[in-house]
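Next up, run_13.cif (mmCIF, C-alpha atoms and all ligand atoms):
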```cif
data_data
loop_
_atom_site.label_atom_id
_atom_site.label_comp_id
_atom_site.auth_asym_id
_atom_site.auth_seq_id
_atom_site.Cartn_x
_atom_site.Cartn_y
_atom_site.Cartn_z
CA LEU A 1 39.59 160.30 45.85
CA ARG A 2 43.24 160.00 44.90
CA ARG A 3 44.05 158.24 48.17
CA ASP A 4 41.29 155.68 47.53
CA ALA A 5 42.74 154.95 44.11
CA ALA A 6 46.18 154.38 45.62
CA VAL A 7 44.74 152.01 48.22
CA ALA A 8 42.90 150.03 45.54
CA ASP A 9 46.14 149.66 43.56
CA ASN A 10 47.70 147.93 46.55
CA ASN A 11 44.83 145.48 46.90
CA TRP A 12 45.03 141.77 46.31
CA ALA A 13 42.54 138.99 45.68
CA ILE A 14 42.98 135.86 47.82
CA TYR A 15 41.86 132.39 46.68
CA PRO A 16 42.04 129.29 48.89
CA LEU A 17 43.53 126.06 47.51
CA LEU A 18 42.29 122.85 49.14
CA LEU A 19 45.23 120.43 48.99
CA GLY A 20 44.06 117.65 51.30
CA GLU A 21 42.45 116.66 54.57
CA ALA A 22 43.61 115.20 57.86
CA ASP A 23 41.92 113.82 60.99
CA VAL A 24 43.47 115.35 64.11
CA PRO A 25 42.57 115.44 67.82
CA LYS A 26 40.30 118.39 68.50
CA ALA A 27 42.14 118.92 71.77
CA LEU A 28 45.16 120.14 69.75
CA ASP A 29 43.28 123.41 69.28
CA ILE A 30 43.62 124.17 72.98
CA LEU A 31 46.51 125.09 75.26
CA TRP A 32 48.24 121.95 76.58
CA SER A 33 45.24 120.06 75.13
CA LEU A 34 43.33 121.04 78.29
CA SER A 35 40.02 119.85 76.93
CA PRO A 36 37.62 117.09 77.95
CA ASP A 37 36.87 116.62 74.23
CA LYS A 38 39.16 113.83 72.97
CA SER A 39 37.37 113.38 69.63
CA LEU A 40 38.96 113.72 66.19
CA VAL A 41 38.12 116.52 63.81
CA THR A 42 38.59 116.58 60.02
CA VAL A 43 40.59 119.61 58.96
CA PRO A 44 41.55 120.93 55.54
CA ILE A 45 45.12 121.48 54.42
CA LEU A 46 45.04 124.82 52.63
CA ALA A 47 47.34 127.07 50.66
CA TRP A 48 46.51 130.54 49.36
CA LEU A 49 46.80 132.08 45.91
CA LEU A 50 47.29 135.86 45.84
CA ILE A 51 46.66 137.94 42.73
CA PRO A 52 47.33 141.70 42.74
CA ALA A 53 44.91 144.28 41.35
CA ARG A 54 47.77 145.44 39.15
CA GLY A 55 50.86 143.60 38.02
CA ASP A 56 51.94 140.14 36.91
CA GLU A 57 52.92 138.57 40.24
CA ARG A 58 51.21 135.30 41.06
CA VAL A 59 51.93 134.50 44.70
CA LEU A 60 51.36 131.27 46.57
CA VAL A 61 51.41 131.14 50.37
CA ASP A 62 52.31 127.59 51.47
CA THR A 63 52.37 124.52 49.23
CA GLY A 64 50.70 121.58 51.05
CA PHE A 65 52.28 118.15 51.60
CA SER A 66 54.35 115.99 49.27
CA ASP A 67 52.44 112.71 49.48
CA VAL A 68 49.70 111.30 51.59
CA GLU A 69 51.36 107.98 52.50
CA ARG A 70 54.48 109.77 53.63
CA CYS A 71 52.49 112.00 56.04
CA MET A 72 51.25 108.93 57.86
CA GLN A 73 54.38 106.77 57.63
CA VAL A 74 57.01 109.42 58.39
CA GLN A 75 55.11 111.73 60.73
CA ARG A 76 53.11 108.83 62.21
CA LEU A 77 49.94 110.89 62.28
CA GLY A 78 46.32 109.86 61.78
CA PRO A 79 44.52 109.58 58.44
CA HIS A 80 45.39 112.07 55.70
CA ARG A 81 43.38 112.12 52.49
CA THR A 82 43.81 113.50 49.04
CA ARG A 83 41.86 113.41 45.78
CA PRO A 84 42.90 114.12 42.19
CA GLU A 85 40.95 117.40 42.31
CA TRP A 86 42.85 118.45 45.43
CA ALA A 87 46.27 118.23 43.76
CA LEU A 88 48.16 121.53 43.59
CA GLU A 89 47.98 121.49 39.76
CA ALA A 90 44.19 120.91 39.81
CA GLN A 91 43.58 123.58 42.46
CA LEU A 92 45.62 126.16 40.54
CA SER A 93 43.76 125.27 37.33
CA ASN A 94 40.49 126.23 39.08
CA TRP A 95 41.83 129.78 38.90
CA GLY A 96 43.24 129.42 35.38
CA LEU A 97 46.87 128.91 36.42
CA THR A 98 49.60 126.26 36.23
CA PRO A 99 52.50 125.74 38.67
CA GLU A 100 54.81 127.46 36.13
CA ASP A 101 52.73 130.64 36.45
CA ILE A 102 53.62 131.05 40.14
CA THR A 103 56.28 133.74 40.48
CA THR A 104 56.62 133.86 44.27
CA VAL A 105 56.08 131.42 47.12
CA ILE A 106 55.95 132.55 50.75
CA LEU A 107 56.13 129.81 53.37
CA THR A 108 54.47 130.59 56.71
CA HIS A 109 56.63 127.82 58.22
CA LEU A 110 58.31 124.62 57.05
CA HIS A 111 56.16 121.83 58.50
CA TYR A 112 55.45 118.89 56.15
CA ASP A 113 51.93 120.11 55.34
CA HIS A 114 53.10 123.59 54.31
CA ALA A 115 56.44 123.08 52.56
CA GLY A 116 55.83 119.75 50.78
CA GLY A 117 54.93 121.05 47.32
CA CYS A 118 57.85 123.40 46.67
CA SER A 119 59.53 121.18 44.06
CA LYS A 120 56.43 121.51 41.85
CA LEU A 121 56.96 125.26 41.45
CA SER A 122 59.61 125.34 38.74
CA ARG A 123 59.91 129.09 38.32
CA ALA A 124 59.07 130.65 41.70
CA ARG A 125 61.36 132.24 44.22
CA PHE A 126 60.78 131.15 47.79
CA PHE A 127 60.60 133.57 50.72
CA ILE A 128 61.45 131.81 53.99
CA GLN A 129 62.38 133.15 57.42
CA ARG A 130 66.03 132.28 58.07
CA ARG A 131 65.15 131.42 61.66
CA GLU A 132 62.64 128.85 60.45
CA LEU A 133 65.06 127.15 58.06
CA GLU A 134 67.64 126.87 60.85
CA ALA A 135 65.06 125.36 63.21
CA ALA A 136 63.80 122.97 60.53
CA ALA A 137 67.28 121.73 59.66
CA ALA A 138 68.23 121.18 63.29
CA PRO A 139 64.95 120.57 65.12
CA MET A 140 64.81 120.50 68.92
CA VAL A 141 63.55 116.94 69.27
CA SER A 142 64.32 113.58 70.76
CA ARG A 143 64.46 110.81 68.16
CA ASP A 144 62.47 108.68 70.60
CA LEU A 145 59.39 110.87 70.21
CA GLU A 146 56.91 108.57 68.48
CA VAL A 147 55.00 111.17 66.47
CA GLY A 148 56.52 113.84 64.24
CA GLY A 149 58.97 111.92 62.09
CA GLY A 150 61.85 112.34 64.54
CA ALA A 151 62.00 115.96 63.37
CA LEU A 152 58.98 117.64 65.01
CA PHE A 153 56.82 117.69 61.84
CA TYR A 154 59.58 118.98 59.59
CA ASP A 155 60.00 116.52 56.71
CA ARG A 156 63.74 116.32 56.15
CA ARG A 157 63.18 115.56 52.47
CA ASP A 158 61.41 118.93 52.02
CA ILE A 159 64.12 120.75 53.95
CA SER A 160 66.88 119.16 51.90
CA ALA A 161 65.10 120.23 48.68
CA ILE A 162 65.07 123.83 49.96
CA VAL A 163 68.76 123.73 50.90
CA ASP A 164 69.54 122.13 47.51
CA PRO A 165 68.36 122.02 44.62
CA LEU A 166 65.90 124.90 45.21
CA TRP A 167 68.50 127.00 47.02
CA PRO A 168 69.32 129.34 44.04
CA ARG A 169 65.69 130.51 44.16
CA VAL A 170 65.43 130.81 47.97
CA GLU A 171 65.35 134.30 49.49
CA LEU A 172 65.81 134.30 53.24
CA ILE A 173 64.08 136.99 55.26
CA GLU A 174 65.03 138.08 58.75
CA GLY A 175 62.13 139.57 60.68
CA ASP A 176 59.50 141.79 59.13
CA GLU A 177 59.57 142.75 55.47
CA THR A 178 57.22 144.30 52.91
CA LEU A 179 57.77 142.14 49.83
CA MET A 180 55.43 144.00 47.47
CA PRO A 181 52.91 146.84 47.82
CA GLY A 182 50.09 145.54 50.04
CA LEU A 183 51.98 142.37 51.01
CA ARG A 184 53.94 142.21 54.26
CA CYS A 185 55.60 139.33 56.14
CA VAL A 186 55.79 139.58 59.95
CA LEU A 187 57.89 137.16 62.00
CA TYR A 188 56.36 135.77 65.20
CA ALA A 189 59.35 133.96 66.65
CA ASN A 190 58.73 130.98 68.94
CA SER A 191 55.00 130.90 68.30
CA HIS A 192 53.80 127.78 66.43
CA THR A 193 57.41 127.24 65.33
CA PRO A 194 60.68 129.13 65.96
CA GLY A 195 60.32 131.12 62.71
CA SER A 196 56.60 131.22 61.89
CA GLN A 197 55.52 134.25 59.89
CA VAL A 198 52.18 135.84 59.04
CA VAL A 199 51.51 137.26 55.58
CA TYR A 200 49.42 140.42 55.85
CA VAL A 201 47.57 141.13 52.62
CA GLU A 202 45.61 144.29 51.73
CA THR A 203 42.19 143.52 50.23
CA SER A 204 39.05 145.56 49.62
CA ALA A 205 37.66 143.84 52.76
CA GLY A 206 40.54 145.22 54.83
CA THR A 207 43.78 143.61 55.95
CA ALA A 208 43.78 139.81 55.76
CA ALA A 209 46.24 137.75 57.82
CA ILE A 210 47.41 134.41 56.43
CA ILE A 211 48.64 132.95 59.68
CA GLY A 212 49.90 129.42 58.97
CA ASP A 213 49.25 127.48 62.18
CA ILE A 214 49.88 130.21 64.79
CA ALA A 215 46.14 129.82 65.44
CA ARG A 216 44.02 126.90 64.29
CA ASN A 217 40.57 128.19 65.17
CA VAL A 218 39.76 131.90 64.92
CA GLU A 219 37.09 132.05 67.61
CA LEU A 220 38.95 129.95 70.14
CA ASN A 221 42.53 131.07 69.60
CA ILE A 222 42.12 134.66 68.39
CA GLN A 223 38.83 135.94 69.82
CA LYS A 224 38.90 134.04 73.13
CA TRP A 225 42.72 134.29 73.24
CA ILE A 226 43.23 130.65 74.25
CA PRO A 227 46.51 129.56 72.64
CA PRO A 228 46.50 126.38 70.56
CA GLY A 229 48.20 123.19 71.76
CA ILE A 230 51.43 123.36 69.73
CA TYR A 231 53.73 126.32 70.39
CA TYR A 232 57.31 127.01 71.48
CA ASP A 233 56.95 129.93 73.93
CA LEU A 234 53.65 130.74 75.59
CA GLU A 235 54.29 134.43 76.14
CA SER A 236 55.40 134.99 72.52
CA THR A 237 52.37 133.05 71.31
CA ARG A 238 49.91 135.07 73.37
CA ARG A 239 51.50 138.28 72.08
CA ALA A 240 51.30 136.99 68.50
CA LEU A 241 47.61 136.11 68.81
CA LYS A 242 46.81 139.55 70.18
CA ASP A 243 48.87 141.31 67.51
CA ILE A 244 47.12 139.39 64.71
CA ARG A 245 43.74 140.38 66.15
CA TYR A 246 44.81 144.01 66.31
CA ARG A 247 46.22 144.18 62.78
CA ALA A 248 43.80 142.09 60.71
CA GLN A 249 40.14 142.37 59.77
CA VAL A 250 40.15 138.87 58.26
CA VAL A 251 42.12 135.95 59.77
CA LEU A 252 42.88 132.95 57.55
CA PRO A 253 44.23 129.84 59.31
CA THR A 254 45.37 126.73 57.39
CA HIS A 255 43.26 124.05 59.04
CA ASP A 256 39.75 125.42 59.51
CA TYR A 257 36.90 124.27 57.24
CA GLU A 258 34.61 127.05 58.45
CA THR A 259 37.03 129.69 57.20
CA PHE A 260 37.56 127.78 53.96
CA ARG A 261 33.84 127.64 53.22
CA ARG A 262 33.44 131.33 53.96
CA VAL A 263 36.13 132.37 51.47
CA ALA A 264 35.88 129.44 49.00
CA LYS A 265 34.99 131.74 46.10
CA GLY A 266 37.83 134.11 46.91
CA LEU A 267 38.30 137.24 48.95
CA LYS A 268 38.63 140.34 46.78
ZN ZN B 301 49.77 122.84 59.35
#
```

Can you turn what I pasted into structure tokens?
Ligand SMILES: [Zn+2]
Amino acid sequence: LRRDAAVADNNWAIYPLLLGEADVPKALDILWSLSPDKSLVTVPILAWLLIPARGDERVLVDTGFSDVERCMQVQRLGPHRTRPEWALEAQLSNWGLTPEDITTVILTHLHYDHAGGCSKLSRARFFIQRRELEAAAAPMVSRDLEVGGGALFYDRRDISAIVDPLWPRVELIEGDETLMPGLRCVLYANSHTPGSQVVYVETSAGTAAIIGDIARNVELNIQKWIPPGIYYDLESTRRALKDIRYRAQVVLPTHDYETFRRVAKGLK
């Protein structure tokens, strides 16, 4: 009985925030885009609010993009959409919170659709893998690549905000770290990005994995173990996908409407 009580104390509730939508090639879900299906699919851009069973922490995993025009103009990607009710402020207010209430932000990685809202969080500290910040500041890209903003989907404006003025509130992590009871960051180097991390969260439904974009589709990438189209090292990515499957009972990717609908009311 006592052990059950201790476990419950470590538990968190997880609420999805819908911050926008994008139309992307479905083939991106599949290794090297080896798919005959060249159609577009509409995907959500999500972030996750975490509230502990006990304590005052209000944690946000990822922060969405900075503005919709910029996604298309700078990254030269297909249509992105937003609505007033999808703004970070509006999504937090659905759960009775304002951006000032957020005490901690954890970024799975620093791509434009995950690290674009940091400047709105005036009080939070930001947990970022050092490896990821290095890669984002000095991306391995040719400027002649037409898509990706000349920086492989890192928006240099977001990265410069992290380096300064947000820097006094940035806490760099190196590798795996338990940040709070029931909340652990695990680095999967050279998976979706050089410093992508998964946030493992204890809930009453078991361990949930907030995976950023290491996988895009749970059935395809995790269950069938077919890596997605964008990754740095195939072997590291395959190992990451298998490790996530082993550790987590619930897998929460950023860009999957099916997952969003399943947990729209929160995972407690
Ligand atoms: Zn993404």

Can I get the residues of chain A within 7 Å of ligand ZN 301 (chain B), each with the closest pair of atoms and their distance in Å to one decimal, using only C-alpha atoms and all ligand atoms, sorted chain first then ascending number, as JSON lines?
```
{"residue": "A:Ile45", "atom": "CA", "partner": "B:ZN301", "partner_atom": "ZN", "distance": 6.9}
{"residue": "A:His111", "atom": "CA", "partner": "B:ZN301", "partner_atom": "ZN", "distance": 6.5}
{"residue": "A:Asp113", "atom": "CA", "partner": "B:ZN301", "partner_atom": "ZN", "distance": 5.3}
{"residue": "A:His114", "atom": "CA", "partner": "B:ZN301", "partner_atom": "ZN", "distance": 6.1}
{"residue": "A:Gly212", "atom": "CA", "partner": "B:ZN301", "partner_atom": "ZN", "distance": 6.6}
{"residue": "A:Asp213", "atom": "CA", "partner": "B:ZN301", "partner_atom": "ZN", "distance": 5.5}
{"residue": "A:Thr254", "atom": "CA", "partner": "B:ZN301", "partner_atom": "ZN", "distance": 6.2}
{"residue": "A:His255", "atom": "CA", "partner": "B:ZN301", "partner_atom": "ZN", "distance": 6.6}
```

Choose the residue, out of A:Pro194, A:Gly182, A:Gly78, A:Gly150, that has the smallest atom-to-atom separation from A:Leu110; count only C-alpha atoms.
->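 Selected residue with least distance to A:Leu110: A:Pro194.
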
Shell of 8 Å around A:Pro25, all atoms listed in the file, local chain residues under 2 positions omitted, as a ChimeraX atom specification = /A:23,27-28,38-41

Distance of atom CA of A:Lys224 from atom CA of A:Tyr112, expressed in Å to one decimal place = 28.1 Å

Nearest to A:Pro228, chosen from A:Arg184, A:His192, A:Lys242, A:Arg261, with only C-alpha atoms counted in the distances =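 Distance minimum relative to A:Pro228 lands on A:His192.
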
So which one's closest to A:Trp95, A:Trp32, A:Phe65, A:Phe127, A:Trp48? Using all atoms listed in the file, please.
-> A:Trp48

Pick the closest to A:Pro44 from A:Arg76, A:Arg216, A:Arg156, A:Arg70: which is it, counting only C-alpha atoms?
->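 Answer, going by the shortest atom-to-atom distance: A:Arg216.
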
Enumerate, as JSON, numbers by chain, the protein, DNA and RNA residues whose atoms approach (52.0, 129.5, 52.5) to within 8 Å, taking into account only C-alpha atoms and the coordinate frame of the file.
-> {"A": [47, 48, 60, 61, 62, 63, 105, 106, 107, 108, 109, 114, 115, 210, 212]}

Among listed residues A:Ala161, A:Ile244, A:Ala205, A:Leu92, nearest A:Gln223 (using only C-alpha atoms) =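 Under the stated criterion, the closest residue is A:Ile244.
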
Residue with smallest distance to A:Leu183 - pool A:Val199, A:Val218, A:Ala209, A:Ala135, counting all atoms listed in the file =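 The shortest atom-to-atom distance to A:Leu183 comes from A:Val199.
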
Would you list the residues near (60.2, 129.4, 66.3), meaning any protein, DNA or RNA residue with an atom at most 12 Å from that point in file coordinates, counting only C-alpha atoms, as a ChimeraX atom specification?
-> /A:108-111,129-136,138-140,152,175,187-197,213-214,230-234,236-237,240

Just the selected residues (C-alpha atoms), exported as a short mmCIF file (atom, residue, chain, number, x, y, z; two decimals), in the coordinates of the input, please.
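What ended up in result-v9.cif:
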```cif
data_model
loop_
_atom_site.label_atom_id
_atom_site.label_comp_id
_atom_site.auth_asym_id
_atom_site.auth_seq_id
_atom_site.Cartn_x
_atom_site.Cartn_y
_atom_site.Cartn_z
CA THR A 108 54.47 130.59 56.71
CA HIS A 109 56.63 127.82 58.22
CA LEU A 110 58.31 124.62 57.05
CA HIS A 111 56.16 121.83 58.50
CA GLN A 129 62.38 133.15 57.42
CA ARG A 130 66.03 132.28 58.07
CA ARG A 131 65.15 131.42 61.66
CA GLU A 132 62.64 128.85 60.45
CA LEU A 133 65.06 127.15 58.06
CA GLU A 134 67.64 126.87 60.85
CA ALA A 135 65.06 125.36 63.21
CA ALA A 136 63.80 122.97 60.53
CA ALA A 138 68.23 121.18 63.29
CA PRO A 139 64.95 120.57 65.12
CA MET A 140 64.81 120.50 68.92
CA LEU A 152 58.98 117.64 65.01
CA GLY A 175 62.13 139.57 60.68
CA LEU A 187 57.89 137.16 62.00
CA TYR A 188 56.36 135.77 65.20
CA ALA A 189 59.35 133.96 66.65
CA ASN A 190 58.73 130.98 68.94
CA SER A 191 55.00 130.90 68.30
CA HIS A 192 53.80 127.78 66.43
CA THR A 193 57.41 127.24 65.33
CA PRO A 194 60.68 129.13 65.96
CA GLY A 195 60.32 131.12 62.71
CA SER A 196 56.60 131.22 61.89
CA GLN A 197 55.52 134.25 59.89
CA ASP A 213 49.25 127.48 62.18
CA ILE A 214 49.88 130.21 64.79
CA ILE A 230 51.43 123.36 69.73
CA TYR A 231 53.73 126.32 70.39
CA TYR A 232 57.31 127.01 71.48
CA ASP A 233 56.95 129.93 73.93
CA LEU A 234 53.65 130.74 75.59
CA SER A 236 55.40 134.99 72.52
CA THR A 237 52.37 133.05 71.31
CA ALA A 240 51.30 136.99 68.50
#
```

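The interatomic distance for the pair atom CA of A:Glu219 and atom CA of A:Phe260 works out to 14.3 Å.
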
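In this model, the gap between atom CA of A:Glu171 and atom CA of A:Ser119 comes to 15.3 Å.
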
Missing atoms in stretch 22-33 of chain A: fill them in up to all heavy atoms and send the result as an mmCIF file, in the frame of the given file.
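That gives us out02.cif:
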```cif
data_model
loop_
_atom_site.group_PDB
_atom_site.id
_atom_site.type_symbol
_atom_site.label_atom_id
_atom_site.label_comp_id
_atom_site.auth_asym_id
_atom_site.auth_seq_id
_atom_site.Cartn_x
_atom_site.Cartn_y
_atom_site.Cartn_z
ATOM 1 N N ALA A 22 43.034 116.061 56.832
ATOM 2 C CA ALA A 22 43.610 115.200 57.860
ATOM 3 C C ALA A 22 42.648 115.103 59.030
ATOM 4 O O ALA A 22 41.855 116.026 59.262
ATOM 5 C CB ALA A 22 44.953 115.750 58.332
ATOM 6 N N ASP A 23 42.703 113.976 59.754
ATOM 7 C CA ASP A 23 41.920 113.820 60.990
ATOM 8 C C ASP A 23 42.872 114.027 62.163
ATOM 9 O O ASP A 23 43.858 113.289 62.296
ATOM 10 C CB ASP A 23 41.296 112.425 61.057
ATOM 11 C CG ASP A 23 40.268 112.220 59.961
ATOM 12 O OD1 ASP A 23 39.807 113.223 59.380
ATOM 13 O OD2 ASP A 23 39.925 111.060 59.678
ATOM 14 N N VAL A 24 42.579 115.019 62.985
ATOM 15 C CA VAL A 24 43.470 115.350 64.110
ATOM 16 C C VAL A 24 42.656 115.474 65.397
ATOM 17 O O VAL A 24 41.462 115.767 65.354
ATOM 18 C CB VAL A 24 44.240 116.665 63.858
ATOM 19 C CG1 VAL A 24 45.125 116.556 62.622
ATOM 20 C CG2 VAL A 24 43.284 117.842 63.709
ATOM 21 N N PRO A 25 43.297 115.262 66.548
ATOM 22 C CA PRO A 25 42.570 115.440 67.820
ATOM 23 C C PRO A 25 42.123 116.893 67.980
ATOM 24 O O PRO A 25 42.916 117.811 67.806
ATOM 25 C CB PRO A 25 43.618 115.080 68.882
ATOM 26 C CG PRO A 25 44.689 114.337 68.162
ATOM 27 C CD PRO A 25 44.690 114.839 66.751
ATOM 28 N N LYS A 26 40.859 117.054 68.299
ATOM 29 C CA LYS A 26 40.300 118.390 68.500
ATOM 30 C C LYS A 26 41.005 119.124 69.637
ATOM 31 O O LYS A 26 41.143 120.350 69.631
ATOM 32 C CB LYS A 26 38.811 118.237 68.833
ATOM 33 C CG LYS A 26 37.948 119.361 68.361
ATOM 34 C CD LYS A 26 36.491 118.982 68.570
ATOM 35 C CE LYS A 26 35.582 120.115 68.151
ATOM 36 N NZ LYS A 26 34.177 119.741 68.356
ATOM 37 N N ALA A 27 41.486 118.329 70.597
ATOM 38 C CA ALA A 27 42.140 118.920 71.770
ATOM 39 C C ALA A 27 43.409 119.686 71.402
ATOM 40 O O ALA A 27 43.869 120.536 72.168
ATOM 41 C CB ALA A 27 42.476 117.821 72.788
ATOM 42 N N LEU A 28 43.966 119.410 70.192
ATOM 43 C CA LEU A 28 45.160 120.140 69.750
ATOM 44 C C LEU A 28 44.905 121.634 69.571
ATOM 45 O O LEU A 28 45.836 122.419 69.524
ATOM 46 C CB LEU A 28 45.649 119.576 68.409
ATOM 47 C CG LEU A 28 46.629 118.417 68.417
ATOM 48 C CD1 LEU A 28 47.030 118.079 66.988
ATOM 49 C CD2 LEU A 28 47.860 118.757 69.240
ATOM 50 N N ASP A 29 43.624 122.000 69.458
ATOM 51 C CA ASP A 29 43.280 123.410 69.280
ATOM 52 C C ASP A 29 43.479 124.212 70.560
ATOM 53 O O ASP A 29 43.369 125.434 70.546
ATOM 54 C CB ASP A 29 41.797 123.549 68.879
ATOM 55 C CG ASP A 29 41.559 123.102 67.451
ATOM 56 O OD1 ASP A 29 42.534 122.776 66.757
ATOM 57 O OD2 ASP A 29 40.383 123.074 67.037
ATOM 58 N N ILE A 30 43.699 123.521 71.671
ATOM 59 C CA ILE A 30 43.620 124.170 72.980
ATOM 60 C C ILE A 30 44.918 124.003 73.765
ATOM 61 O O ILE A 30 45.528 122.931 73.756
ATOM 62 C CB ILE A 30 42.425 123.576 73.773
ATOM 63 C CG1 ILE A 30 41.111 123.959 73.077
ATOM 64 C CG2 ILE A 30 42.422 124.045 75.226
ATOM 65 C CD1 ILE A 30 39.936 123.156 73.511
ATOM 66 N N LEU A 31 45.308 125.064 74.418
ATOM 67 C CA LEU A 31 46.510 125.090 75.260
ATOM 68 C C LEU A 31 46.699 123.799 76.053
ATOM 69 O O LEU A 31 45.798 123.393 76.797
ATOM 70 C CB LEU A 31 46.371 126.277 76.233
ATOM 71 C CG LEU A 31 47.404 126.393 77.344
ATOM 72 C CD1 LEU A 31 48.693 126.991 76.816
ATOM 73 C CD2 LEU A 31 46.852 127.224 78.491
ATOM 74 N N TRP A 32 47.871 123.189 75.882
ATOM 75 C CA TRP A 32 48.240 121.950 76.580
ATOM 76 C C TRP A 32 47.196 120.841 76.390
ATOM 77 O O TRP A 32 47.120 119.912 77.203
ATOM 78 C CB TRP A 32 48.437 122.190 78.082
ATOM 79 C CG TRP A 32 49.591 123.080 78.416
ATOM 80 C CD1 TRP A 32 50.563 123.536 77.589
ATOM 81 C CD2 TRP A 32 49.906 123.614 79.715
ATOM 82 N NE1 TRP A 32 51.448 124.329 78.258
ATOM 83 C CE2 TRP A 32 51.070 124.391 79.556
ATOM 84 C CE3 TRP A 32 49.302 123.503 80.974
ATOM 85 C CZ2 TRP A 32 51.657 125.068 80.633
ATOM 86 C CZ3 TRP A 32 49.887 124.174 82.039
ATOM 87 C CH2 TRP A 32 51.050 124.952 81.864
ATOM 88 N N SER A 33 46.346 121.006 75.362
ATOM 89 C CA SER A 33 45.240 120.060 75.130
ATOM 90 C C SER A 33 44.347 119.911 76.363
ATOM 91 O O SER A 33 43.846 118.826 76.671
ATOM 92 C CB SER A 33 45.775 118.691 74.684
ATOM 93 O OG SER A 33 46.431 118.819 73.443
#
```
